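Chemist: Take a look at the following structure, please.
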Amino acid sequence: SQELEQSPQSLIVQEGKNLTINCTSSKTLYGLHWYKQKYGEGLIFLMMLQKGGEEKSHEKITAKLDEKKQQSFLHITAAQPSHAGIYLCGGDAQ
C-alpha cells in the first residue's frame with residue numbers, strides 16, 4: 001500500500017518568514033495534490049503536480065515534485081495570517 005508522509009507535523013511561523021512543508025511517498029506518484037484547510041472549513045485545492053521536476057506557483061505558494069515523483073515540497077514565501085491553516089498532500093500511485 002502507498003503511504004504519504006508529511007513533515008513537519010506542525011509549524012508556527014512568524015509573519016513575513018518563509019516556510020517549507022515536505023510530502024514523501026513510498027511509491028512513485030502519478031499525480032500529487034496539495035490542499036489547504038482553514039479551521040472549521042472544507043478543503044481548498046491548491047495545485048496538482050504530475051511531471052517529474054514540475055514546479056507550480058500560486059500567489060506566494062510554490063510546489064515542486066522531484067524527478068523520481070516520490071517527494072514534493074510546498075514553499076510559502078513571506079507568510080501572512082491568511083496562510084494559516086492545515087496543509088495536506090494527496091497522491092495517486094502508479
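Note on naming: chains are A, B, ... as they come in the C-alpha cells, residues start from 1 per chain, ligands start from 1 in the order shown.
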Residues of segment 14-66 of chain A that have any atom at most 8 Å from an atom of segment 73-94 of chain A: could you tabulate them with the shortest-distance atom pair and the distance in Å to one decimal, using only C-alpha atoms, ordered by chain and increasing number, as a tab-separated table?

Modeler:
residue	atom	partner	partner_atom	distance
A:Gln14	CA	A:Ala79	CA	7.3
A:Glu15	CA	A:Ala79	CA	5.2
A:Gly16	CA	A:Ala78	CA	4.0
A:Lys17	CA	A:Ala78	CA	4.8
A:Asn18	CA	A:Thr77	CA	4.6
A:Leu19	CA	A:Ile76	CA	5.3
A:Thr20	CA	A:His75	CA	4.4
A:Ile21	CA	A:Leu74	CA	5.1
A:Asn22	CA	A:Phe73	CA	4.4
A:Cys23	CA	A:Phe73	CA	6.0
A:Lys27	CA	A:Ala93	CA	6.4
A:Thr28	CA	A:Ala93	CA	6.0
A:Leu29	CA	A:Ala93	CA	4.5
A:Tyr30	CA	A:Gln94	CA	5.2
A:Gly31	CA	A:Asp92	CA	5.2
A:Leu32	CA	A:Gly91	CA	4.3
A:His33	CA	A:Gly90	CA	5.0
A:Trp34	CA	A:Cys89	CA	4.6
A:Tyr35	CA	A:Leu88	CA	5.1
A:Lys36	CA	A:Tyr87	CA	4.5
A:Gln37	CA	A:Ile86	CA	4.9
A:Lys38	CA	A:Gly85	CA	4.6
A:Tyr39	CA	A:Gly85	CA	6.3
A:Lys60	CA	A:Thr77	CA	5.4
A:Ile61	CA	A:Ile76	CA	4.6
A:Thr62	CA	A:His75	CA	5.1
A:Ala63	CA	A:Leu74	CA	4.4
A:Lys64	CA	A:Phe73	CA	5.6
A:Leu65	CA	A:Phe73	CA	6.9

Chemist: Okay, now the selection with C-alpha atoms, as a PDB file, in the first residue's frame?

Modeler:
ATOM      1  CA  GLN A  14       6.219  34.422  12.174  1.00  0.00           C
ATOM      2  CA  GLU A  15       4.623  36.794   9.694  1.00  0.00           C
ATOM      3  CA  GLY A  16       6.985  37.591   6.825  1.00  0.00           C
ATOM      4  CA  LYS A  17       9.048  34.407   7.243  1.00  0.00           C
ATOM      5  CA  ASN A  18       9.345  31.606   4.696  1.00  0.00           C
ATOM      6  CA  LEU A  19       8.336  28.015   5.338  1.00  0.00           C
ATOM      7  CA  THR A  20       8.544  24.655   3.616  1.00  0.00           C
ATOM      8  CA  ILE A  21       6.397  21.552   4.068  1.00  0.00           C
ATOM      9  CA  ASN A  22       7.582  18.212   2.680  1.00  0.00           C
ATOM     10  CA  CYS A  23       5.496  15.315   1.429  1.00  0.00           C
ATOM     11  CA  LYS A  27       5.766   4.761  -4.201  1.00  0.00           C
ATOM     12  CA  THR A  28       6.125   6.696  -7.458  1.00  0.00           C
ATOM     13  CA  LEU A  29       3.226   9.102  -7.839  1.00  0.00           C
ATOM     14  CA  TYR A  30       1.092   9.550 -10.931  1.00  0.00           C
ATOM     15  CA  GLY A  31      -0.105  12.852  -9.530  1.00  0.00           C
ATOM     16  CA  LEU A  32       0.381  14.789  -6.329  1.00  0.00           C
ATOM     17  CA  HIS A  33      -2.200  17.232  -4.987  1.00  0.00           C
ATOM     18  CA  TRP A  34      -1.785  19.934  -2.359  1.00  0.00           C
ATOM     19  CA  TYR A  35      -4.769  21.155  -0.353  1.00  0.00           C
ATOM     20  CA  LYS A  36      -5.332  23.713   2.343  1.00  0.00           C
ATOM     21  CA  GLN A  37      -7.949  23.550   5.064  1.00  0.00           C
ATOM     22  CA  LYS A  38      -8.899  26.514   7.182  1.00  0.00           C
ATOM     23  CA  TYR A  39     -10.186  25.670  10.621  1.00  0.00           C
ATOM     24  CA  LYS A  60       3.079  33.211  -2.682  1.00  0.00           C
ATOM     25  CA  ILE A  61       2.849  29.399  -2.647  1.00  0.00           C
ATOM     26  CA  THR A  62       5.201  27.262  -4.744  1.00  0.00           C
ATOM     27  CA  ALA A  63       5.049  23.467  -5.004  1.00  0.00           C
ATOM     28  CA  LYS A  64       7.524  21.165  -6.701  1.00  0.00           C
ATOM     29  CA  LEU A  65       7.595  17.443  -7.474  1.00  0.00           C
TER      30      LEU A  65
END

Chemist: So that I can check the secondary structure, give me every residue of chain A assigned strand (DSSP E or B) by backbone DSSP, as a ChimeraX atom specification.

Modeler: /A:4-7,19-25,29-37,43-49,55-58,61-65,71-76,86-93
